[in-house]
$ cat target37.cif   # mmCIF, C-alpha atoms
data_coords
loop_
_atom_site.label_atom_id
_atom_site.label_comp_id
_atom_site.auth_asym_id
_atom_site.auth_seq_id
_atom_site.Cartn_x
_atom_site.Cartn_y
_atom_site.Cartn_z
CA MET U 1 59.30 98.33 112.23
CA ASP U 2 61.97 100.39 113.97
CA LEU U 3 64.17 97.33 114.15
CA LEU U 4 63.77 96.75 110.42
CA ILE U 5 64.83 100.34 109.71
CA ILE U 6 67.85 99.99 112.02
CA PHE U 7 68.81 96.78 110.22
CA ILE U 8 68.51 98.17 106.68
CA ASN U 9 70.26 101.37 107.69
CA ALA U 10 73.24 99.51 109.17
CA MET U 11 73.50 96.97 106.37
CA LEU U 12 72.87 98.93 103.18
CA VAL U 13 72.24 102.66 103.54
CA ASN U 14 75.16 103.36 105.84
CA ASN U 15 77.22 100.30 104.97
CA PHE U 16 80.02 100.00 107.50
CA VAL U 17 82.79 99.57 104.97
CA LEU U 18 81.67 101.51 101.94
CA SER U 19 80.07 104.53 103.52
CA ARG U 20 81.26 104.73 107.13
CA PHE U 21 84.85 103.57 106.47
CA LEU U 22 85.01 101.16 109.41
CA GLY U 23 86.98 97.93 109.16
CA ILE U 24 88.94 98.95 106.06
CA CYS U 25 92.11 97.07 107.10
CA GLY U 26 90.31 93.75 107.24
CA PHE U 27 88.29 94.58 104.15
CA LEU U 28 91.38 95.23 102.00
CA GLY U 29 93.67 92.72 103.68
CA VAL U 30 91.51 89.58 103.64
CA SER U 31 89.71 90.04 100.32
CA LYS U 32 92.21 88.33 98.03
CA LYS U 33 90.52 84.92 98.21
CA ARG U 34 86.79 84.35 98.45
CA ASP U 35 87.02 81.44 100.92
CA ALA U 36 89.04 83.52 103.33
CA SER U 37 86.67 86.46 102.95
CA ILE U 38 83.66 84.32 103.89
CA GLY U 39 85.47 83.15 107.04
CA MET U 40 86.36 86.72 107.92
CA GLY U 41 82.78 87.89 107.36
CA LEU U 42 81.36 85.17 109.60
CA ALA U 43 83.91 85.88 112.32
CA VAL U 44 82.96 89.57 112.27
CA LEU U 45 79.28 88.61 112.54
CA PHE U 46 80.06 86.45 115.55
CA VAL U 47 82.26 88.95 117.36
CA MET U 48 80.03 91.97 116.68
CA SER U 49 76.99 90.19 118.14
CA ILE U 50 78.67 89.14 121.37
CA ALA U 51 80.51 92.45 121.68
CA SER U 52 77.26 94.40 121.33
CA ILE U 53 75.54 92.36 124.03
CA GLY U 54 78.57 92.54 126.33
CA THR U 55 79.23 96.26 126.02
CA TRP U 56 75.53 97.13 126.15
CA SER U 57 75.22 95.28 129.48
CA VAL U 58 78.36 96.87 130.91
CA TYR U 59 77.24 100.34 129.84
CA THR U 60 73.63 100.06 131.00
CA PHE U 61 74.18 98.28 134.30
CA LEU U 62 77.60 99.52 135.36
CA LEU U 63 78.76 102.74 133.70
CA GLU U 64 75.55 104.74 133.28
CA PRO U 65 74.05 104.30 136.79
CA ASN U 66 77.38 105.29 138.35
CA GLY U 67 78.01 108.29 136.11
CA LEU U 68 81.11 106.73 134.60
CA ASP U 69 80.21 107.56 131.00
CA TYR U 70 83.70 108.95 130.31
CA LEU U 71 85.25 105.54 130.97
CA LYS U 72 83.46 103.89 128.07
CA THR U 73 86.41 103.95 125.66
CA VAL U 74 88.63 102.07 128.10
CA ALA U 75 85.86 99.79 129.31
CA PHE U 76 84.60 98.80 125.85
CA ILE U 77 87.97 97.85 124.41
CA LEU U 78 88.75 95.71 127.46
CA VAL U 79 85.33 94.04 127.40
CA ILE U 80 85.70 93.23 123.70
CA ALA U 81 89.24 91.89 124.08
CA ALA U 82 88.28 89.74 127.06
CA LEU U 83 85.12 88.41 125.38
CA VAL U 84 86.98 87.46 122.21
CA GLN U 85 89.67 85.63 124.18
CA PHE U 86 87.03 83.82 126.21
CA VAL U 87 84.94 82.84 123.19
CA GLU U 88 88.05 81.66 121.40
CA MET U 89 88.89 79.32 124.27
CA VAL U 90 85.32 78.02 124.51
CA VAL U 91 85.03 77.41 120.76
CA LYS U 92 88.40 75.68 120.69
CA LYS U 93 87.26 73.31 123.43
CA MET U 94 83.66 72.73 122.37
CA SER U 95 83.78 72.72 118.60
CA PRO U 96 87.13 72.22 116.88
CA ALA U 97 85.45 72.27 113.46
CA LEU U 98 84.07 75.76 114.03
CA TYR U 99 87.42 76.82 115.45
CA ASP U 100 89.18 75.68 112.30
CA ALA U 101 86.82 77.73 110.19
CA LEU U 102 86.77 80.94 112.23
CA GLY U 103 89.59 80.64 114.75
CA ILE U 104 92.34 82.27 112.75
CA PHE U 105 90.25 85.37 112.17
CA LEU U 106 89.15 85.92 115.77
CA PRO U 107 92.29 87.61 117.16
CA LEU U 108 92.51 89.61 113.95
CA ILE U 109 89.29 91.47 114.68
CA THR U 110 89.61 92.09 118.40
CA THR U 111 90.87 95.56 117.68
CA ASN U 112 89.03 95.98 114.39
CA CYS U 113 87.51 99.45 114.38
CA ALA U 114 84.24 98.13 112.95
CA VAL U 115 83.60 96.12 116.13
CA LEU U 116 84.42 98.98 118.49
CA GLY U 117 82.55 101.36 116.17
CA VAL U 118 79.28 99.42 116.33
CA THR U 119 79.37 99.36 120.13
CA PHE U 120 79.90 103.14 120.27
CA LEU U 121 77.07 103.71 117.80
CA ASN U 122 74.76 101.55 119.94
CA VAL U 123 75.44 103.74 122.95
CA GLN U 124 75.38 107.00 120.99
CA ASP U 125 71.98 106.26 119.47
CA LYS U 126 70.68 105.04 122.86
CA LEU U 127 69.46 101.73 121.42
CA SER U 128 67.79 99.04 123.52
CA LEU U 129 69.37 95.58 123.84
CA GLY U 130 67.29 94.30 120.92
CA GLY U 131 68.13 97.38 118.87
CA SER U 132 71.83 97.00 119.59
CA LEU U 133 71.77 93.37 118.54
CA VAL U 134 69.88 94.14 115.33
CA ASN U 135 72.26 97.03 114.61
CA ALA U 136 75.24 94.70 115.09
CA LEU U 137 73.68 92.02 112.87
CA GLY U 138 72.97 94.55 110.14
CA ALA U 139 76.45 96.03 110.34
CA ALA U 140 78.09 92.60 110.25
CA LEU U 141 75.97 91.40 107.32
CA GLY U 142 76.83 94.62 105.51
CA PHE U 143 80.51 93.92 106.10
CA PHE U 144 80.01 90.32 104.96
CA LEU U 145 78.28 91.46 101.78
CA ALA U 146 80.96 94.03 100.99
CA ILE U 147 83.95 91.77 101.63
CA VAL U 148 82.55 88.78 99.71
CA LEU U 149 81.62 90.98 96.72
CA MET U 150 85.06 92.56 96.83
CA ALA U 151 86.85 89.19 96.99
CA SER U 152 84.81 87.86 94.08
CA ILE U 153 85.64 90.90 91.97
CA ARG U 154 89.34 90.73 92.86
CA GLU U 155 89.56 87.03 92.01
CA LYS U 156 88.09 87.76 88.57
CA LEU U 157 90.26 90.82 88.16
CA ASP U 158 93.42 88.81 88.76
CA ARG U 159 92.41 86.19 86.25
CA VAL U 160 91.05 88.05 83.27
CA SER U 161 92.36 91.60 83.18
CA SER U 162 95.82 92.99 82.70
CA VAL U 163 96.14 95.74 85.28
CA PRO U 164 99.02 98.21 84.71
CA ARG U 165 102.00 97.50 86.99
CA ALA U 166 101.60 100.68 89.03
CA PHE U 167 97.93 99.93 89.71
CA GLN U 168 98.44 96.34 90.86
CA GLY U 169 97.50 95.41 94.40
CA LEU U 170 96.40 98.26 96.61
CA PRO U 171 95.49 100.99 94.06
CA ILE U 172 93.18 98.80 91.97
CA ALA U 173 91.60 97.44 95.16
CA LEU U 174 90.86 100.98 96.33
CA ILE U 175 89.42 102.00 92.97
CA THR U 176 87.25 98.87 92.94
CA ALA U 177 86.04 99.78 96.41
CA GLY U 178 85.31 103.30 95.15
CA LEU U 179 83.14 101.97 92.33
CA MET U 180 81.34 99.68 94.79
CA ALA U 181 80.77 102.67 97.05
CA ILE U 182 79.19 104.57 94.15
CA SER U 183 76.73 101.74 93.60
CA PHE U 184 75.98 101.59 97.34
CA LEU U 185 75.08 105.30 97.19
CA GLY U 186 72.00 104.08 95.35
CA PHE U 187 70.64 102.68 98.62
CA LYS U 188 70.46 106.19 100.09
CA GLY U 189 66.87 106.63 98.91
CA LEU U 190 65.75 103.46 100.66
CA ILE U 191 64.83 105.07 103.97
CA MET A 192 119.05 117.42 117.90
CA LEU A 193 120.36 115.12 115.21
CA ALA A 194 118.17 112.34 116.56
CA LEU A 195 115.13 114.61 116.31
CA ILE A 196 115.82 115.46 112.67
CA GLU A 197 116.43 111.82 111.84
CA ARG A 198 113.11 110.80 113.48
CA LEU A 199 111.20 113.60 111.73
CA LYS A 200 112.59 112.56 108.36
CA ASN A 201 111.77 108.95 109.12
CA GLY A 202 108.17 109.75 110.06
CA LEU A 203 107.50 112.15 107.20
CA PHE A 204 109.18 110.22 104.39
CA GLY A 205 111.14 107.05 105.19
CA GLU A 206 108.43 105.21 107.13
CA ASN A 207 105.41 107.44 106.54
CA PRO A 208 102.55 105.62 108.31
CA VAL A 209 100.14 105.97 105.38
CA PHE A 210 102.10 106.28 102.16
CA VAL A 211 104.81 103.74 103.02
CA GLN A 212 103.41 101.47 105.74
CA VAL A 213 99.74 101.66 104.62
CA LEU A 214 98.43 101.82 108.19
CA ALA A 215 95.41 103.55 109.74
CA MET A 216 93.23 103.44 106.63
CA CYS A 217 89.87 103.94 108.39
CA PRO A 218 90.38 107.40 109.90
CA PHE A 219 92.47 108.32 106.87
CA LEU A 220 89.59 107.78 104.42
CA ALA A 221 86.83 108.97 106.73
CA VAL A 222 87.94 112.39 107.97
CA THR A 223 89.55 113.77 104.82
CA THR A 224 86.42 115.53 103.56
CA SER A 225 88.06 118.90 104.29
CA VAL A 226 91.55 120.11 105.16
CA GLU A 227 90.24 121.49 108.46
CA ASN A 228 88.97 118.07 109.58
CA ALA A 229 92.19 116.45 108.41
CA LEU A 230 94.32 118.82 110.47
CA GLY A 231 92.07 118.34 113.51
CA MET A 232 92.30 114.57 113.28
CA GLY A 233 96.04 114.64 112.56
CA LEU A 234 96.82 116.85 115.53
CA SER A 235 94.57 114.83 117.88
CA THR A 236 96.35 111.65 116.85
CA LEU A 237 99.73 113.38 117.19
CA THR A 238 98.88 114.44 120.76
CA VAL A 239 97.75 110.97 121.79
CA LEU A 240 100.84 109.49 120.17
CA ILE A 241 103.26 111.82 121.99
CA PHE A 242 101.75 111.17 125.43
CA SER A 243 101.30 107.43 124.96
CA ASN A 244 104.81 106.98 123.57
CA ALA A 245 106.30 108.98 126.46
CA LEU A 246 104.40 107.11 129.15
CA ILE A 247 104.96 103.68 127.63
CA SER A 248 108.66 104.40 127.29
CA ALA A 249 108.79 105.58 130.91
CA VAL A 250 107.15 102.43 132.30
CA ARG A 251 108.61 99.97 129.81
CA LYS A 252 110.87 98.31 132.39
CA PHE A 253 108.01 97.63 134.84
CA ILE A 254 105.56 95.99 132.44
CA PRO A 255 105.91 92.21 132.23
CA ASN A 256 106.45 91.11 128.66
CA LYS A 257 103.41 88.84 128.56
CA ILE A 258 100.82 91.49 129.36
CA ARG A 259 102.44 94.38 127.53
CA ILE A 260 99.85 94.63 124.73
CA PRO A 261 96.82 94.98 127.07
CA ALA A 262 98.84 97.43 129.18
CA PHE A 263 99.67 99.54 126.11
CA ILE A 264 96.02 99.52 125.03
CA VAL A 265 94.85 100.74 128.44
CA ILE A 266 97.42 103.56 128.41
CA ILE A 267 96.42 104.61 124.89
CA ALA A 268 92.70 104.39 125.74
CA GLY A 269 93.28 106.65 128.74
CA PHE A 270 94.86 109.38 126.63
CA VAL A 271 92.18 109.02 123.96
CA SER A 272 89.50 109.60 126.60
CA ILE A 273 91.31 112.78 127.68
CA ILE A 274 91.48 114.11 124.10
CA ASP A 275 87.85 113.11 123.57
CA LEU A 276 86.70 115.14 126.59
CA PHE A 277 89.03 118.03 125.71
CA LEU A 278 87.66 118.37 122.16
CA ALA A 279 84.06 118.03 123.35
CA ALA A 280 84.63 120.88 125.82
CA TYR A 281 86.74 123.34 123.81
CA LEU A 282 86.25 122.55 120.10
CA PRO A 283 82.65 121.28 119.85
CA ASP A 284 82.35 121.95 116.10
CA LEU A 285 85.41 119.89 115.23
CA TYR A 286 84.29 117.24 117.72
CA LYS A 287 80.95 116.97 115.94
CA SER A 288 82.43 116.64 112.48
CA LEU A 289 85.04 114.04 113.50
CA GLY A 290 82.42 112.18 115.53
CA LEU A 291 83.03 108.49 116.03
CA PHE A 292 86.62 108.66 114.83
CA ILE A 293 87.92 110.42 117.94
CA PRO A 294 87.25 107.49 120.33
CA LEU A 295 88.35 105.14 117.55
CA ILE A 296 91.90 106.54 117.76
CA VAL A 297 92.29 103.72 120.33
CA VAL A 298 92.33 101.12 117.59
CA ASN A 299 94.54 103.12 115.26
CA CYS A 300 97.17 100.53 114.35
CA MET A 301 99.81 103.21 113.98
CA ILE A 302 99.77 104.16 117.67
CA LEU A 303 99.99 100.62 119.01
CA GLY A 304 102.53 99.84 116.32
CA ARG A 305 104.83 102.68 117.47
CA ALA A 306 104.41 101.63 121.11
CA GLU A 307 105.46 98.11 120.27
CA ALA A 308 108.15 98.87 117.68
CA TYR A 309 109.78 101.95 119.18
CA ALA A 310 108.58 103.25 122.57
CA SER A 311 108.94 99.91 124.34
CA LYS A 312 112.62 99.75 123.35
CA ASN A 313 113.87 103.36 123.49
CA SER A 314 114.31 106.23 125.95
CA VAL A 315 111.53 108.71 126.70
CA LEU A 316 113.09 111.57 124.74
CA HIS A 317 113.68 109.48 121.64
CA SER A 318 110.15 108.07 121.85
CA VAL A 319 108.74 111.61 121.91
CA TYR A 320 110.84 112.46 118.83
CA ASP A 321 109.53 109.35 117.13
CA ALA A 322 105.93 110.29 118.02
CA LEU A 323 106.47 113.78 116.59
CA GLY A 324 107.82 112.37 113.32
CA MET A 325 105.10 109.75 112.91
CA GLY A 326 102.30 112.09 114.00
CA LEU A 327 103.41 114.81 111.59
CA GLY A 328 103.81 112.23 108.82
CA PHE A 329 100.21 111.12 109.44
CA THR A 330 98.97 114.74 109.53
CA MET A 331 100.79 115.49 106.28
CA ALA A 332 99.28 112.45 104.56
CA LEU A 333 95.78 113.36 105.79
CA SER A 334 96.20 116.94 104.56
CA ILE A 335 97.35 115.86 101.10
CA LEU A 336 94.33 113.62 100.53
CA ALA A 337 91.99 116.23 102.06
CA PHE A 338 93.48 118.95 99.84
CA PHE A 339 92.59 117.07 96.65
CA ARG A 340 89.15 116.09 97.92
CA GLU A 341 88.22 119.54 99.16
CA ILE A 342 89.49 121.46 96.13
CA LEU A 343 87.70 119.17 93.66
CA GLY A 344 84.61 118.58 95.79
CA ALA A 345 83.97 122.12 97.00
CA GLY A 346 86.44 124.34 95.13
CA THR A 347 87.86 125.57 98.43
CA VAL A 348 90.86 124.97 100.70
CA LEU A 349 90.41 125.59 104.42
CA GLY A 350 87.17 127.35 103.53
CA PHE A 351 88.77 129.85 101.09
CA GLN A 352 87.51 129.84 97.51
CA ILE A 353 90.40 128.72 95.30
CA LEU A 354 88.86 127.57 92.04
CA PRO A 355 86.81 130.16 90.09
CA GLU A 356 83.10 130.41 90.82
CA ALA A 357 82.33 128.97 87.40
CA TYR A 358 83.74 125.59 88.54
CA GLU A 359 80.93 123.23 89.34
CA PRO A 360 82.06 121.29 92.45
CA ALA A 361 82.15 117.52 91.96
CA ASN A 362 80.15 116.44 95.01
CA ILE A 363 81.24 112.84 94.71
CA MET A 364 84.74 113.75 95.86
CA ILE A 365 83.38 114.66 99.29
CA LEU A 366 81.15 111.59 99.47
CA ALA A 367 82.52 108.14 100.32
CA PRO A 368 83.51 107.01 96.78
CA GLY A 369 85.73 110.06 96.30
CA ALA A 370 87.93 108.97 99.19
CA PHE A 371 88.55 105.53 97.70
CA LEU A 372 89.11 106.80 94.15
CA THR A 373 91.47 109.65 95.13
CA LEU A 374 93.51 107.44 97.44
CA GLY A 375 93.67 104.76 94.75
CA LEU A 376 95.15 107.26 92.30
CA ILE A 377 97.62 108.65 94.87
CA MET A 378 98.75 105.10 95.72
CA ALA A 379 99.18 104.31 92.01
CA PHE A 380 101.33 107.44 91.67
CA ILE A 381 103.51 106.32 94.60
CA ASN A 382 103.73 102.81 93.14
CA ASN A 383 104.87 104.28 89.86
CA LYS A 384 107.65 106.20 91.60
CA ASN A 385 108.65 103.11 93.59
CA LEU A 386 108.82 101.06 90.42
CA LYS A 387 111.09 103.59 88.74
CA LYS A 388 113.40 103.47 91.76
CA GLY A 389 113.34 99.68 91.68
CA LYS A 390 111.50 99.38 95.02
CA ASP A 391 108.63 97.01 95.81
CA LEU A 392 104.98 97.80 95.19
CA LEU A 393 102.93 99.00 98.17
CA LYS A 394 101.44 96.16 100.17
CA ILE A 395 98.12 96.23 101.91
CA HIS A 396 98.65 96.30 105.63
CA ASP A 397 97.90 92.78 106.78
CA CYS A 398 97.75 93.38 110.54
CA GLU A 399 101.12 91.68 110.79
CA SER A 400 103.17 94.83 111.18
CA CYS A 401 100.65 96.00 113.75
CA GLY A 402 101.63 95.88 117.41
CA MET A 403 99.45 92.86 117.97
CA GLY A 404 101.39 90.91 115.37
CA CYS A 405 102.88 88.63 117.98
CA ASP A 406 99.70 86.72 118.81
CA MET A 407 98.36 86.89 115.33
CA PRO A 408 98.41 84.27 112.68
CA LYS A 409 100.75 85.31 109.93
CA PRO A 410 98.87 85.78 106.68
CA GLU A 411 101.12 83.20 105.05
CA LYS A 412 99.58 80.63 107.34
CA MET A 413 96.17 81.36 105.89
CA ASN A 414 97.50 81.20 102.36
CA ILE A 415 99.21 77.91 103.00
CA LYS A 416 95.97 76.47 104.29
CA LEU A 417 94.06 77.71 101.29
CA ASP A 418 96.75 76.53 98.91
CA ALA A 419 96.70 73.11 100.53
CA GLU A 420 92.97 72.95 99.88
CA ALA A 421 93.48 73.98 96.30
CA ILE A 422 96.14 71.32 95.86
CA GLN A 423 93.83 68.69 97.33
CA LYS A 424 91.07 69.74 94.97
CA GLY A 425 93.48 69.75 92.08
CA GLY A 426 94.68 66.28 93.06
CA ALA A 427 91.14 64.95 93.20
CA ASN A 428 90.46 66.21 89.72
#

$ encode --input "target37.cif" --output "structure tokens"
Amino acid sequence: MDLLIIFINAMLVNNFVLSRFLGICGFLGVSKKRDASIGMGLAVLFVMSIASIGTWSVYTFLLEPNGLDYLKTVAFILVIAALVQFVEMVVKKMSPALYDALGIFLPLITTNCAVLGVTFLNVQDKLSLGGSLVNALGAALGFFLAIVLMASIREKLDRVSSVPRAFQGLPIALITAGLMAISFLGFKGLI
Amino acid sequence: MLALIERLKNGLFGENPVFVQVLAMCPFLAVTTSVENALGMGLSTLTVLIFSNALISAVRKFIPNKIRIPAFIVIIAGFVSIIDLFLAAYLPDLYKSLGLFIPLIVVNCMILGRAEAYASKNSVLHSVYDALGMGLGFTMALSILAFFREILGAGTVLGFQILPEAYEPANIMILAPGAFLTLGLIMAFINNKNLKKGKDLLKIHDCESCGMGCDMPKPEKMNIKLDAEAIQKGGAN
């Protein structure tokens, strides 16, 4: 039951993009085409899961027993960067098809604040390994939902509406995101 | 002295990290609920930027080119940890309200971007000037957005009542949607000015201008791939 609440909280109630403002660069930058946004969403799902497991293990078995809590910022970013590099090499070798689909997005999200953010939240909320993984899955699916919705809206927007010159590009994307955020406020009553 | 003024002007106006380069969107949207938070975040980022730029510039000749990005990240992360501990010890209230976004200064594209674009090529003194300009430019941008959000959302600025009591605060401005909507309008205003001057429209930061740009696929590459697919589909039809 707790895990379900963690999942819904991370995915909908406190959506990473629309209410916590994590991963905005990727959200605005890769949401012009829907195909690209799906790839980005899946890559985030992938990286967040392995990063959560990796940093949770490092924190629980290495940093906490030795009283090195203050090193977690440095340790986490290195663990994430190393894991992403490693996974990229493995995927490239083992499954070229998967690499073609996700590969180009992997280096893009190594230093995405959503990935680092979820690992900090795991530690801050003192979640177990299962809890961390569920939190990461929820956060990543929330990101996936937000970016795919956004890309679909922007594709339509480009096709059917005549946006004033000054609003084209970034401003209209931000205002669209604002309207999406208003609708996501509706999930607040869920928990 | 001249160099300092030139760098300050560059950071505040010419290459303002937010309003011109469109970098560091996450902290920018998240901590602008009040002017106080905005100043706290801006000054923390400024401090990290000054120290990291100075140190990176000082050691730039000893770092092998191939591992420079990881080396920069470790240096930045070190200074962020120091600021994190400092705020937790001396300014606990601010620390609580900024929360997650203090450790996340590590992944602020602006800092790594300055390390890569300026500090790794210039002397220590000039890098500090550059950090001052960029950091103040970021603080200014944060304060502008926070000013609008706080005055409309709470009727106050820095805690002082500005609008008359009769004004009913629009809570939504302090919640998440207010950040997106206000920034959208500010960006449209800047676009309008740019258009009148005959400059380009603002572009969403595509991680290319970020320090890590070197290993990253250029966005054009993605577009080409997608376009190729579209052409294939079109051909099949």

$ resolve_selection --input "target37.cif" --expression "the PyMOL selection byres ((chain A) within 7 of (chain U))" --output "list in words"
Met216, Cys217, Leu220, Ala221, Val265, Ala268, Gly269, Ser272, Pro294, Leu295, Val298, Ala367, Pro368, Gly369, Phe371, Leu372, Gly375, Leu376, Met378, Ala379, Asn382, Asn383, Leu393, Lys394, Ile395, His396, Asp397, Met407 and Pro408 of chain A

$ atom_distance --input "target37.cif" --atom1 "atom CA of A:Phe263" --atom2 "atom CA of A:Ile247"
6.9 Å

$ atom_distance --input "target37.cif" --atom1 "atom CA of A:Leu289" --atom2 "atom CA of A:Phe339"
18.7 Å

$ atom_distance --input "target37.cif" --atom1 "atom CA of U:Ala140" --atom2 "atom CA of U:Ser31"
15.5 Å

$ residues_around --input "target37.cif" --residues "stretch 317-327 of chain A" --least-positions-apart "6" --cutoff "8 Å" --atoms "only C-alpha atoms" --output "list in words"
Ala194, Leu195, Arg198, Leu199, Lys200, Asn201, Gly202, Leu203, Asn207, Pro208, Gly233, Leu234, Thr236, Leu237, Thr238, Leu240, Ile241, Phe242, Asn244, Ala245, Ser248, Arg305, Tyr309 and Ala310 of chain A

$ axis_aligned_box --input "target37.cif" --around "stretch 148-161 of chain U" --padding-each-side "8 Å" --output "AutoDock Vina command-line options"
--center_x 87.5 --center_y 89.4 --center_z 91.4 --size_x 27.8 --size_y 22.4 --size_z 32.5

$ resolve_selection --input "target37.cif" --expression "the PyMOL selection byres ((chain A and resi 275) around 9)" --output "VMD selection string"
(chain U and resid 70) or (chain A and resid 235 270 to 274 276 to 280 286 293 to 294)

$ closest_residue --input "target37.cif" --among "U:Val58, U:Gly130, U:Ala10, U:Ala51" --to "U:Gln85" --atoms "only C-alpha atoms"
U:Ala51

$ resolve_selection --input "target37.cif" --expression "the PyMOL selection byres ((chain A and resi 228) around 10)" --output "number ranges by chain"
A: 221-227, 229-234, 285-286, 288-289, 333-334, 337, 349

$ write_last_selection --input "target37.cif" --atoms "C-alpha atoms" --output "mmCIF file, in the frame of the given file"
data_model
loop_
_atom_site.group_PDB
_atom_site.id
_atom_site.type_symbol
_atom_site.label_atom_id
_atom_site.label_comp_id
_atom_site.auth_asym_id
_atom_site.auth_seq_id
_atom_site.Cartn_x
_atom_site.Cartn_y
_atom_site.Cartn_z
ATOM 1 C CA ALA A 221 86.830 108.970 106.730
ATOM 2 C CA VAL A 222 87.940 112.390 107.970
ATOM 3 C CA THR A 223 89.550 113.770 104.820
ATOM 4 C CA THR A 224 86.420 115.530 103.560
ATOM 5 C CA SER A 225 88.060 118.900 104.290
ATOM 6 C CA VAL A 226 91.550 120.110 105.160
ATOM 7 C CA GLU A 227 90.240 121.490 108.460
ATOM 8 C CA ALA A 229 92.190 116.450 108.410
ATOM 9 C CA LEU A 230 94.320 118.820 110.470
ATOM 10 C CA GLY A 231 92.070 118.340 113.510
ATOM 11 C CA MET A 232 92.300 114.570 113.280
ATOM 12 C CA GLY A 233 96.040 114.640 112.560
ATOM 13 C CA LEU A 234 96.820 116.850 115.530
ATOM 14 C CA LEU A 285 85.410 119.890 115.230
ATOM 15 C CA TYR A 286 84.290 117.240 117.720
ATOM 16 C CA SER A 288 82.430 116.640 112.480
ATOM 17 C CA LEU A 289 85.040 114.040 113.500
ATOM 18 C CA LEU A 333 95.780 113.360 105.790
ATOM 19 C CA SER A 334 96.200 116.940 104.560
ATOM 20 C CA ALA A 337 91.990 116.230 102.060
ATOM 21 C CA LEU A 349 90.410 125.590 104.420
#

$ residues_around --input "target37.cif" --residues "A:Ala345" --least-positions-apart "4" --cutoff "12 Å" --atoms "all atoms listed in the file" --output "tab-separated table (two decimals) with C-alpha atoms, in the coordinates of the input"
chain	number	residue	atom	x	y	z
A	224	THR	CA	86.42	115.53	103.56
A	225	SER	CA	88.06	118.90	104.29
A	226	VAL	CA	91.55	120.11	105.16
A	337	ALA	CA	91.99	116.23	102.06
A	338	PHE	CA	93.48	118.95	99.84
A	339	PHE	CA	92.59	117.07	96.65
A	340	ARG	CA	89.15	116.09	97.92
A	341	GLU	CA	88.22	119.54	99.16
A	349	LEU	CA	90.41	125.59	104.42
A	350	GLY	CA	87.17	127.35	103.53
A	351	PHE	CA	88.77	129.85	101.09
A	352	GLN	CA	87.51	129.84	97.51
A	353	ILE	CA	90.40	128.72	95.30
A	354	LEU	CA	88.86	127.57	92.04
A	355	PRO	CA	86.81	130.16	90.09
A	356	GLU	CA	83.10	130.41	90.82
A	357	ALA	CA	82.33	128.97	87.40
A	358	TYR	CA	83.74	125.59	88.54
A	359	GLU	CA	80.93	123.23	89.34
A	360	PRO	CA	82.06	121.29	92.45
A	361	ALA	CA	82.15	117.52	91.96
A	362	ASN	CA	80.15	116.44	95.01
A	363	ILE	CA	81.24	112.84	94.71
A	364	MET	CA	84.74	113.75	95.86
A	365	ILE	CA	83.38	114.66	99.29
A	366	LEU	CA	81.15	111.59	99.47
